[in-house]
Amino acid sequence: MAAPMTNDQSWFYALALGVSFLKCLLINAYHSTDFEVHRNWLALTHSLPAAQWYYEATSEWTLDYPPLFAWFEYGLSHIASFFDKEMLVVQNLNYASPATILFQRLSVIVADVVFFYAVKECCKCLREDKGKYLLGKPSFILTVLLLWNFGLIIVDHIHFQYNGFLFGVLLLSIARHFQNRHFEGALLFSILLNLKHIYLYIAPAYGIYLLRCFCFTQSNADGSLQWRSFSVVRLVTLGTIVLSTFSVSFGPFIALGQLPQVLSRLFPFKRGLCHAYWAPNIWALYNIADKAFSILGVKFKLLDINKLPKASMTGGLVQEFQHSVLPSVSPLATLVCTVLSILPALFRIWHRPNGARGFLRCLVICALGSFMFGWHVHEKAILMAILPLSLLAVESREDARIFLILSITGHYSLFPLLFTTQELPIKILLLLLFTIFSLTSLKTLFRKGGALLNPLEATYLLGLIPLELICEFVYPLTVWQKTFPFLPLMLTSVYCALGVTYAFIRLYISLLTCSDSTKKIKTQ
Amino acid sequence: MENWSLFSLCVLLGLTSRWAVSFHSYSGAGKPPMFGDYEAQRHWQEVTYNLPVHEWYFNTTNNDLNYWGLDYPPLTAYHSLVCAYVAKLLNPEWVELHASRGYESHSHKLFMRATVLFTDILIYIPAVLLYCFYFCDGFSKQKVATALCILLYPGLILIDYGHFQYNSVSLGLALWGILGLGLGWDLFGSLAFTLALNYKQMELYHSLPFFCYLLGKCIKQGLIGRGFFQLAKISLTVLVTFALCWMPFLSDPKQPLQVLHRLFPFGRGLFEDKVANTWCSLNVLIKIKTLLSRETQLFLSFALTLLFILPSSLKLLSKPNLWQFKLALVNSSLAFFLFSFQVHEKSILLAAFMLPLLVKDGLLLPYVVTSLAFLFLSLYLLSALERSTEEELRLGIYRKLTRHWLPKLNLSRIIKWKFWFSLVAMAALSFTSVWLEPPAKFPDLFPVLVSILSFLHFLGFIIYFNLVQLMEPQRKKSQKKTN
């Protein structure tokens with residue numbers, strides 16, 4: 001770059017500052033009901049004693065995050081009182097004064113500082129290639145891919161959530177494992193679990209990895225397990241760290257005998273295999289296959305239209321989707337599928353760990369597997385796979401390929417979250433920004449060895465353009481908009497599900513086949 | 001990374017910040033009965049759509065000139081007409097004669113903002129990209145950095161997408177004009193600039209440099225022969241363009257006169273509101289507005305404008321190259337801004353100095369964010385401060401002057417100190433304007449202070465740029481790129 005700044009790291013701060021400015025400009029943008037959710041939590045943690053936090057039900061948005069997050073909101077609420085005391089009154093449902101909006105938005109922007117720090121730490125873990133010019137350095141590319149991640153900006157700063165801060169803790173924990181500071185990594189992950197329990201999805205990866213690579217202090221020359229090197233001390237220390245974190249978090253509630261209530265709030269039995277908008281996972285493909293079979297069945301007179309469940313033909317997004325031809329799917333079935341999908345990966349790192357990178361790959365597979373097969377998955381969960389994958393993408397060609405497909409498809413699938421006309425240019429512009437950057441920078445990084453994406457993949461990704469034009473520009477002007485309003489959403493989720501599934505399969509293949517090059521990496 | 005991808009990232013960032021600023025309020029939002037510039041533009045769509053051409057600039061029962069009468073040249077009117085056709089397709093209520101006065105709705109705001117974005121993408125942004133690509137010194141990364149800084153320039157974004165105007169059209173057309181002249185396509189450049197002039201009469205600020213440059217070039221080619229033909233061709237282009245733009249108004253001699261009367265309201269005083277120019281600042285000390293008669297005011301402003309613009313124009317006439325041209329543009333517009341009649345603060349398009357206006361429009365947040373971002377970016381990417389050595393500032397002459405009296409003065413350090421001081425002063429004024437109440441005796445204290453501070457800066461700039469243009473010290477790089 002032309003900037004002749006003497007400090008080598010100044011570009012990092014420039015990027016961080018730049019994205020913060022952008023986030024500030026988006027303060028006035030559309031926000032979803034999640035805004036009210038967090039305002040409600042600010043109010044109830046501020047006004048009520050802790051004993052009532054998980055019982056309070058004045059608003060429909062009850063507290064469904066673990067206690068540490070509740071304490072976080074409690075801390076925020078004290079600052080909130082300087083902005084607008086009215087937002088802290090529980091009865092003020094849907095209160096959204098300008099001061100409230102300003103405060104909440106700023107709290108997300110400021111909490112992102114954790115994310116910035118984590119990204120900086122992750123950059124230190126990369127294998128740098130000295131002497132490259134700035135725009136081609138892996139750490140620069142990774143910084144942009146993480147700090148300017150489209151999904152995070154859209155979900156956190158428009159839709160409204162605190163994912164930046166949470167992913168910061170996750171990435172920091174990963175970075176600590178890369179740096180062999182495993183105790184800190186484990187501590188950070190336990191804290192993360194107590195902030196948002198959705199990260200349970202990737203807990204198996206942590207468990208197996210720590211057990212295998214940390215508790216067994218040595219491996220044999222060929223990478224297999226050396227049973228005798230088991231260290232009880234390490235296991236016990238890890239256990240203490242985890243348990244003490246959980247006891248700090250849940251302890252007060254256990255003491256009050258509220259544990260069943262807390263758990264019932266944390267794990268509500270949600271109706272419906274799919275969210276109102278189908279997340280682009282296996283079940284979206286399953287649903288569409290079911291619909292296709294039922295339509296074909298009726299056409300070929302194999303099925304009686306009267307016997308089919310109501311609303312399965314014309315209805316769109318009912319929560320409880322009734323399958324007419326294929327068997328219905330129960331929560332237990334999804335759990336079994338999820339476990340089955342991540343088991344091979346877990347076996348693999350048990351059997352032949354590849355150090356921290358193997359652990360990261362397994363983590364991404366766990367996140368993606370639970371996204372693919374989980375019950376009532378929200379499309380935002382794709383970020384749990386995309387963000388950690390960025391770290392792998394700047395170091396390996398194959399991972400870069402998978403990252404491109406997964407991130408572009410996954411980010412596109414977030415479009416229905418912002419359905420307002422005003423935000424339409426923003427989401428398109430930001431997605432283009434991220435896509436162009438990731439495509440060109442990764443292509444330049446791995447230019448030796450031919451094109452990054454093969455023609456089929458490139459065509460698939462280009463197909464997103466006509467899809468967007470049809471769904472958001474052409475379709476609303478047709479007659480079907482009134483009768484089949486769900487069709488664009490269905491098209492989007494099915495199309496993206498193809499890409500996500502493909503990425504999942506490729507990721508698995510890359511995990512199961514990568515072997516020799518990693519022998520040199522220490523497992524300790 | 002390839003150039004095209006870097007440039008497209010700059011454009012995308014520019015567009016994103018523009019649209020994000022458009023989320024905020026516009027001028028006169030929710031303020032009946034007059035509202036603001038947003039309502040003016042909507043009203044012009046209403047007028048041009050519903051009334052015949054010969055009534056646009058006249059005061060009739062259907063067209064009340066006191067309520068945001070048209071006061072821009074015909075091209076703006078045609079542009080409003082086109083927008084009105086689109087508006088009619090989307091929602092006829094938006095341009096209903098009389099009934100749509102003060103119409104405000106979310107979808108209408110989206111439509112209006114979209115029209116600004118559309119013209120921006122069509123006219124201004126390509127001009128900026130081409131300019132940076134062809135006429136910026138330095139490596140490609142430096143060109144990209146310049147493009148980014150220009151595209152993120154807060155003044156234009158805040159006025160066009162916040163307050164609400166269409167400056168990107170006139171500025172973009174003028175930039176096409178500059179591009180044309182730079183590439184040696186004089187006819188195209190003249191055409192583009194004439195169109196810009198016919199869009200907003202404010203472009204007169206730039207007209208003298210264009211004239212002097214082209215005239216100087218023709219003279220250099222020899223007034224007998226090629227130069228004369230060139231001059232004839234350029235004049236013909238300009239005249240034909242004017243004729244085409246004003247065609248509907250040429251049927252009746254009263255028409256063009258009335259249009260001119262609307263464009264140049266000498267009936268209004270020397271200045272309105274708080275503008276960072278000489279007259280407003282002088283008025284604080286000497287009440288010239290009331291002291292001198294209107295004729296004297298006109299004469300004085302004309303004389304001073306001429307005085308300040310003459311040296312730069314003559315120099316350009318004698319040495320018509322691109323670098324002189326660019327400097328002359330700056331000098332000319334500064335001179336006009338500082339000394340001419342009935343100037344509006346928007347004419348300067350420098351964000352920091354339009355603070356009171358922006359606060360009135362409810363645009364404080366975008367102002368703070370975009371100004372900080374721009375400042376940070378230009379400092380970081382263009383290393384503005386690093387380059388403030390004497391050599392870079394081309395103030396060798398200054399050194400000669402001061403060496404006698406003040407040998408210890410280090411110019412670059414002075415500049416840096418002055419820069420930070422100005423920043424602190426601006427920040428302090430911004431802060432006090434927003435959060436403190438002015439004393440009862442001087443209710444306009446803060447806007448006036450802002451104007452005076454800005455005026456002093458502009459005065460300094462015009463002196464500096466005139467010095468640079470006239471002294472013309474040796475440039476560091478070879479001359480091959482500039483001419």
# chains A, B, ... in the order shown; residues from 1 in each chain; ligands from 1
$ residues_around --residues "Leu322 in chain B" --least-positions-apart "5" --cutoff "12 Å" --atoms "only C-alpha atoms" --output "ChimeraX atom specification"
/B:135-136,178-184,209-210,212-214,216-217,316-317,327-329,469,479-483
$ write_last_selection --atoms "N, CA and C atoms" --output "mmCIF file, in the first residue's frame"
data_model
loop_
_atom_site.group_PDB
_atom_site.id
_atom_site.type_symbol
_atom_site.label_atom_id
_atom_site.label_comp_id
_atom_site.auth_asym_id
_atom_site.auth_seq_id
_atom_site.Cartn_x
_atom_site.Cartn_y
_atom_site.Cartn_z
ATOM 1 N N PHE B 135 -5.384 10.144 -14.497
ATOM 2 C CA PHE B 135 -4.705 11.383 -14.157
ATOM 3 C C PHE B 135 -4.090 11.424 -12.785
ATOM 4 N N CYS B 136 -4.006 10.297 -12.112
ATOM 5 C CA CYS B 136 -3.363 10.325 -10.819
ATOM 6 C C CYS B 136 -1.925 9.894 -10.956
ATOM 7 N N ILE B 178 -13.525 17.957 -17.292
ATOM 8 C CA ILE B 178 -12.098 17.989 -16.994
ATOM 9 C C ILE B 178 -11.398 16.797 -17.638
ATOM 10 N N LEU B 179 -12.049 15.633 -17.550
ATOM 11 C CA LEU B 179 -11.489 14.425 -18.175
ATOM 12 C C LEU B 179 -11.286 14.648 -19.673
ATOM 13 N N GLY B 180 -12.326 15.206 -20.291
ATOM 14 C CA GLY B 180 -12.257 15.448 -21.728
ATOM 15 C C GLY B 180 -11.078 16.340 -22.072
ATOM 16 N N LEU B 181 -10.952 17.420 -21.322
ATOM 17 C CA LEU B 181 -9.844 18.338 -21.606
ATOM 18 C C LEU B 181 -8.512 17.658 -21.363
ATOM 19 N N GLY B 182 -8.449 16.864 -20.308
ATOM 20 C CA GLY B 182 -7.191 16.196 -19.997
ATOM 21 C C GLY B 182 -6.779 15.198 -21.057
ATOM 22 N N LEU B 183 -7.777 14.530 -21.650
ATOM 23 C CA LEU B 183 -7.458 13.533 -22.667
ATOM 24 C C LEU B 183 -7.286 14.173 -24.035
ATOM 25 N N GLY B 184 -7.472 15.484 -24.094
ATOM 26 C CA GLY B 184 -7.299 16.151 -25.374
ATOM 27 C C GLY B 184 -8.561 16.173 -26.209
ATOM 28 N N PRO B 209 -11.829 29.121 -15.605
ATOM 29 C CA PRO B 209 -10.677 28.275 -15.951
ATOM 30 C C PRO B 209 -10.882 27.499 -17.248
ATOM 31 N N PHE B 210 -12.076 26.925 -17.426
ATOM 32 C CA PHE B 210 -12.330 26.201 -18.675
ATOM 33 C C PHE B 210 -12.110 27.112 -19.871
ATOM 34 N N CYS B 212 -10.413 29.999 -20.053
ATOM 35 C CA CYS B 212 -9.022 30.423 -20.218
ATOM 36 C C CYS B 212 -8.156 29.299 -20.752
ATOM 37 N N TYR B 213 -8.399 28.071 -20.258
ATOM 38 C CA TYR B 213 -7.585 26.951 -20.720
ATOM 39 C C TYR B 213 -7.782 26.713 -22.207
ATOM 40 N N LEU B 214 -9.028 26.654 -22.604
ATOM 41 C CA LEU B 214 -9.296 26.373 -24.011
ATOM 42 C C LEU B 214 -8.818 27.504 -24.902
ATOM 43 N N GLY B 216 -6.449 29.649 -24.211
ATOM 44 C CA GLY B 216 -4.993 29.630 -24.217
ATOM 45 C C GLY B 216 -4.450 28.565 -25.150
ATOM 46 N N LYS B 217 -5.106 27.403 -25.118
ATOM 47 C CA LYS B 217 -4.657 26.311 -25.982
ATOM 48 C C LYS B 217 -4.799 26.698 -27.456
ATOM 49 N N LEU B 316 -3.194 31.000 -16.411
ATOM 50 C CA LEU B 316 -3.643 29.830 -17.148
ATOM 51 C C LEU B 316 -3.690 30.129 -18.634
ATOM 52 N N LEU B 317 -4.111 31.325 -18.971
ATOM 53 C CA LEU B 317 -4.200 31.719 -20.369
ATOM 54 C C LEU B 317 -2.835 31.658 -21.028
ATOM 55 N N LEU B 327 -5.239 23.779 -10.836
ATOM 56 C CA LEU B 327 -5.070 24.801 -9.792
ATOM 57 C C LEU B 327 -6.010 25.977 -10.013
ATOM 58 N N ALA B 328 -6.159 26.344 -11.284
ATOM 59 C CA ALA B 328 -7.033 27.477 -11.584
ATOM 60 C C ALA B 328 -8.465 27.173 -11.180
ATOM 61 N N LEU B 329 -8.859 25.916 -11.348
ATOM 62 C CA LEU B 329 -10.210 25.529 -10.938
ATOM 63 C C LEU B 329 -10.417 25.795 -9.458
ATOM 64 N N GLN B 469 0.218 28.375 -7.948
ATOM 65 C CA GLN B 469 -0.031 28.435 -9.372
ATOM 66 C C GLN B 469 0.842 29.472 -10.046
ATOM 67 N N GLN B 479 8.027 15.949 -16.395
ATOM 68 C CA GLN B 479 6.791 16.557 -16.867
ATOM 69 C C GLN B 479 5.970 15.623 -17.724
ATOM 70 N N LYS B 480 6.429 14.433 -17.978
ATOM 71 C CA LYS B 480 5.782 13.661 -19.041
ATOM 72 C C LYS B 480 4.338 13.305 -18.726
ATOM 73 N N LYS B 481 3.968 13.205 -17.464
ATOM 74 C CA LYS B 481 2.621 12.767 -17.176
ATOM 75 C C LYS B 481 1.591 13.863 -17.237
ATOM 76 N N THR B 482 2.022 15.083 -16.931
ATOM 77 C CA THR B 482 0.985 16.069 -16.618
ATOM 78 C C THR B 482 0.325 16.698 -17.839
ATOM 79 N N ASN B 483 1.095 16.934 -18.904
ATOM 80 C CA ASN B 483 0.526 17.718 -19.983
ATOM 81 C C ASN B 483 -0.308 16.865 -20.912
#
$ closest_atom_pairs --of "chain A" --to "chain B" --cutoff "10 Å" --atoms "only C-alpha atoms" --output "JSON lines"
{"residue": "A:Met1", "atom": "CA", "partner": "B:Lys141", "partner_atom": "CA", "distance": 5.9}
{"residue": "A:Ala2", "atom": "CA", "partner": "B:Gln142", "partner_atom": "CA", "distance": 5.6}
{"residue": "A:Ala3", "atom": "CA", "partner": "B:Leu381", "partner_atom": "CA", "distance": 5.1}
{"residue": "A:Pro4", "atom": "CA", "partner": "B:Ser383", "partner_atom": "CA", "distance": 7.1}
{"residue": "A:Met5", "atom": "CA", "partner": "B:Tyr380", "partner_atom": "CA", "distance": 7.8}
{"residue": "A:Ser10", "atom": "CA", "partner": "B:Tyr380", "partner_atom": "CA", "distance": 9.2}
{"residue": "A:Trp11", "atom": "CA", "partner": "B:Tyr380", "partner_atom": "CA", "distance": 9.1}
{"residue": "A:Ala14", "atom": "CA", "partner": "B:Tyr380", "partner_atom": "CA", "distance": 8.0}
{"residue": "A:Leu17", "atom": "CA", "partner": "B:Ala373", "partner_atom": "CA", "distance": 8.2}
{"residue": "A:Gly18", "atom": "CA", "partner": "B:Ala373", "partner_atom": "CA", "distance": 6.9}
{"residue": "A:Val19", "atom": "CA", "partner": "B:Ala373", "partner_atom": "CA", "distance": 9.9}
{"residue": "A:Ser20", "atom": "CA", "partner": "B:Val369", "partner_atom": "CA", "distance": 9.4}
{"residue": "A:Phe21", "atom": "CA", "partner": "B:Val369", "partner_atom": "CA", "distance": 6.0}
{"residue": "A:Leu22", "atom": "CA", "partner": "B:Ser17", "partner_atom": "CA", "distance": 7.1}
{"residue": "A:Lys23", "atom": "CA", "partner": "B:Ala20", "partner_atom": "CA", "distance": 9.6}
{"residue": "A:Cys24", "atom": "CA", "partner": "B:Val369", "partner_atom": "CA", "distance": 6.9}
{"residue": "A:Leu25", "atom": "CA", "partner": "B:Ala20", "partner_atom": "CA", "distance": 5.8}
{"residue": "A:Leu26", "atom": "CA", "partner": "B:Ala20", "partner_atom": "CA", "distance": 6.0}
{"residue": "A:Ile27", "atom": "CA", "partner": "B:Ala20", "partner_atom": "CA", "distance": 9.0}
{"residue": "A:Asn28", "atom": "CA", "partner": "B:Phe23", "partner_atom": "CA", "distance": 6.3}
{"residue": "A:Ala29", "atom": "CA", "partner": "B:Phe23", "partner_atom": "CA", "distance": 6.7}
{"residue": "A:Tyr30", "atom": "CA", "partner": "B:Phe23", "partner_atom": "CA", "distance": 9.4}
{"residue": "A:Leu135", "atom": "CA", "partner": "B:Met1", "partner_atom": "CA", "distance": 6.9}
{"residue": "A:Gly136", "atom": "CA", "partner": "B:Met1", "partner_atom": "CA", "distance": 7.3}
{"residue": "A:Thr421", "atom": "CA", "partner": "B:Leu110", "partner_atom": "CA", "distance": 8.2}
{"residue": "A:Gln422", "atom": "CA", "partner": "B:Leu110", "partner_atom": "CA", "distance": 6.7}
{"residue": "A:Glu423", "atom": "CA", "partner": "B:Ala20", "partner_atom": "CA", "distance": 8.8}
{"residue": "A:Pro425", "atom": "CA", "partner": "B:Trp19", "partner_atom": "CA", "distance": 7.4}
{"residue": "A:Ile426", "atom": "CA", "partner": "B:Thr16", "partner_atom": "CA", "distance": 6.0}
{"residue": "A:Lys427", "atom": "CA", "partner": "B:Thr16", "partner_atom": "CA", "distance": 9.1}
{"residue": "A:Ile428", "atom": "CA", "partner": "B:Thr16", "partner_atom": "CA", "distance": 9.4}
{"residue": "A:Leu429", "atom": "CA", "partner": "B:Leu12", "partner_atom": "CA", "distance": 6.0}
{"residue": "A:Leu430", "atom": "CA", "partner": "B:Thr16", "partner_atom": "CA", "distance": 7.2}
{"residue": "A:Leu431", "atom": "CA", "partner": "B:Leu12", "partner_atom": "CA", "distance": 9.8}
{"residue": "A:Leu432", "atom": "CA", "partner": "B:Leu12", "partner_atom": "CA", "distance": 7.6}
{"residue": "A:Leu433", "atom": "CA", "partner": "B:Leu9", "partner_atom": "CA", "distance": 5.9}
{"residue": "A:Phe434", "atom": "CA", "partner": "B:Leu9", "partner_atom": "CA", "distance": 8.8}
{"residue": "A:Ile436", "atom": "CA", "partner": "B:Ser5", "partner_atom": "CA", "distance": 6.8}
{"residue": "A:Phe437", "atom": "CA", "partner": "B:Ser5", "partner_atom": "CA", "distance": 7.4}
{"residue": "A:Leu439", "atom": "CA", "partner": "B:Ser5", "partner_atom": "CA", "distance": 9.6}
{"residue": "A:Thr440", "atom": "CA", "partner": "B:Met1", "partner_atom": "CA", "distance": 6.4}
{"residue": "A:Ser441", "atom": "CA", "partner": "B:Met1", "partner_atom": "CA", "distance": 6.2}
{"residue": "A:Leu442", "atom": "CA", "partner": "B:Met1", "partner_atom": "CA", "distance": 9.4}
{"residue": "A:Lys443", "atom": "CA", "partner": "B:Met1", "partner_atom": "CA", "distance": 8.8}
{"residue": "A:Thr444", "atom": "CA", "partner": "B:Met1", "partner_atom": "CA", "distance": 6.3}
{"residue": "A:Leu445", "atom": "CA", "partner": "B:Met1", "partner_atom": "CA", "distance": 9.0}
$ select_by_dssp --residues "range 117-279 of chain A" --states "helix (DSSP H, G or I)" --output "PyMOL selection string"
chain A and resi 117-124+134-136+138-147+150-160+163-178+182-195+197-215+227-229+232-255+259-266
$ select_by_dssp --residues "range 120-321 of chain A" --states "strand (DSSP E or B)" --output "list of chain:residue names"
A:Phe216, A:Ser219, A:Leu225, A:Phe230, A:Cys274
$ residues_around --residues "Trp176 in chain B" --least-positions-apart "2" --cutoff "12 Å" --atoms "only C-alpha atoms" --output "PyMOL selection string"
chain B and resi 122-131+168-174+178-183+185-196
